[in-house]
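Novice: Pasting a structure below so you can have a look.
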Amino acid sequence: MKIIDWNISYAGDTERKIKYLQTQIEDDTCVILQEVKPHAYEYIKATLSNKYELFYSLEYRKPSKFDSDARRLGVLVMVSKNFEILEAGVIERSPFPDRTVYVTLKKNDKTIKILALHSLTGCGYYRSKSVQYDSFAEFIDEYRPDIIGIDANEPQVDHYDMTQMQFFDNGPGAKHFFDEMVDIGLTDAYVRFNGIEGYEEGKPLTKSHNIRRKGAVRYDFLFVKNNCRVESLTYNYDEAVAAGSDHAIIVADISFE
C-alpha cells in the first residue's frame with residue numbers, strides 16, 4: 001500500500017501541483033493533503049474522483065459566511081476505489097475540525113484506520129494550538145489509527161526518539177499528543193525506514209519545510225503502527241517545491257503483518 005502525505009500550500013497553481021501528485025500515485029494508494037482550499041478541492045474532484053474516493057474536511061465542517069480564510073484550509077484524504085470505506089468524518093471535539101479527517105478502510109479482511117491532521121501555527125494561534133493538540137490526543141486514544149499524516153508545525157527540536165523531541169512554548173498539548181502516539185504504538189515512519197543514520201543533535205532528521213529565520217525543519221510526518229512494515233520512504237523537498245508547494249512530499253510503501 002502506498003501512502004502519500006503532502007501539504008500542497010494554499011498558494012500557487014493547483015493544476016501544476018496535482019499533475020506532479022499524479023506522477024506519484026498508483027493502485028492501492030492513500031493520499032493525505034493539507035492546505036486544500038475549496039477551489040483546489042473542486043479541481044482535484046474533477047480530475048481524480050473517477051479513480052479515488054475523496055474525503056474533504058470542509059464537506060463535514062462547512063465554512064460559514066463569517067469564517068475567515070483560516071477556516072478554508074481543508075484537509076483531504078484520497079483513497080483508491082478498490083478499498084471498502086467503513087466510516088469517515090472529522091474530529092468534532094477539535095477547535096478546528098476543518099483541519100482533520102479520519103477514514104476507516106477495509107481490504108482483504110484487513111481494517112486500516114487513516115488520520116489526516118494539520119496543526120495550527122503557534123505564532124498565529126498560540127494557546128489554541130495546544131488545545132487543538134489535546135483534542136488530537138483525545139481522539140487517537142479512542143480511534144487508535146494505524147497511520148497518521150500530519151503537518152505538525154512541530155517540533156522545535158527534532159529527535160529520532162519522540163519522547164526526546166522538544167516542543168514550542170504554546171502549552172503542553174503537543175507533548176501530550178506525541179506521548180500518546182508512543183503509548184498506543186505509533187512510530188515515526190522515517191526512523192523506521194532510515195534508522196538514526198546521519199542524526200545530528202539539534203538538527204532535523206530531514207528537511208520538509210523551511211522557516212525564514214529558523215531554516216530547515218521537519219514539520220511533516222507519517223506515523224505508523226508497530227505492525228506496519230515500512231518498505232520504502234522518501235521526503236522529496238526539491239521536486240515538491242518545484243511543483244508549487246513549500247513542503248516536502250512524503251511517499252511511503254507500507255505493508256501489514
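The way I read the labels, and the way they are meant: chains A, B, ... in the order of the C-alpha cells, residue 1 as the first residue of every chain, and ligand 1 as the first ligand shown, with later ones counted on from there.
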List the spatial neighbours of segment 156-162 of chain A as number ranges by chain - criterion: any atom at most 12 Å away, only C-alpha atoms, same-chain residues fewer than 5 positions off excluded.
Specialist: A: 122, 167-170, 174-183, 185-208, 211, 214-221, 223
Novice: Tell me which protein, DNA and RNA residues are within 10 Å of Arg127 of chain A, counting only C-alpha atoms, leaving out same-chain ones fewer than 4 positions away, and put them as a ChimeraX atom specification.
Specialist: /A:120-123,131-132,169-173
Novice: Quick one: DSSP strand (DSSP E) residues in segment 25-256 of chain A, as a ChimeraX atom specification?
Specialist: /A:29-36,52-56,74-80,84-89,100-107,110-118,147-151,186-188,209-211,215-217,220-225,228-236,249-256
Novice: Excluding Ile254 of chain A and residues on its chain fewer than 4 positions from it, collect all residues at most 10 Å away from it, counting only C-alpha atoms, and give them as a count of residues only.
Specialist: 11
Novice: Which residues, written as a VMD selection string, have at least one atom at most 6 Å from segment 54-65 of chain A, with only C-alpha atoms counted and residues fewer than 3 positions away on the same chain left out?
Specialist: chain A and resid 74 to 78 98 101
Novice: Those selected residues, please, written with N, CA, C and O atoms and delivered as a short mmCIF file (atom, residue, chain, number, x, y, z; two decimals), in the first residue's frame.
Specialist:
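result.cif written:
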data_model
loop_
_atom_site.label_atom_id
_atom_site.label_comp_id
_atom_site.auth_asym_id
_atom_site.auth_seq_id
_atom_site.Cartn_x
_atom_site.Cartn_y
_atom_site.Cartn_z
N GLY A 74 -8.58 23.33 4.11
CA GLY A 74 -9.07 22.00 4.41
C GLY A 74 -8.02 20.91 4.31
O GLY A 74 -6.91 21.10 3.82
N VAL A 75 -8.40 19.75 4.83
CA VAL A 75 -7.60 18.52 4.74
C VAL A 75 -8.38 17.54 3.87
O VAL A 75 -9.61 17.42 3.99
N LEU A 76 -7.67 16.85 3.00
CA LEU A 76 -8.29 15.92 2.06
C LEU A 76 -7.61 14.57 2.14
O LEU A 76 -6.37 14.48 2.15
N VAL A 77 -8.40 13.51 2.20
CA VAL A 77 -7.90 12.15 2.07
C VAL A 77 -8.48 11.55 0.80
O VAL A 77 -9.70 11.59 0.59
N MET A 78 -7.60 11.03 -0.05
CA MET A 78 -7.99 10.34 -1.28
C MET A 78 -7.63 8.87 -1.14
O MET A 78 -6.51 8.53 -0.74
N ASP A 98 -12.07 21.39 10.72
CA ASP A 98 -11.75 21.50 9.30
C ASP A 98 -10.29 21.19 9.00
O ASP A 98 -9.92 21.11 7.82
N VAL A 101 -9.31 14.89 9.21
CA VAL A 101 -10.16 13.90 8.53
C VAL A 101 -9.71 12.52 8.98
O VAL A 101 -8.51 12.25 9.06
#
Novice: Between atom CA of Lys37 of chain A and atom CA of Tyr10 of chain A, what distance in Å does the model show, to one decimal?
Specialist: 6.2 Å
Novice: For a quick check of understanding, using only C-alpha atoms, which of A:His118, A:Lys113, A:His209, A:Arg16 has the smallest distance to Glu142 of chain A?
Specialist: A:Lys113
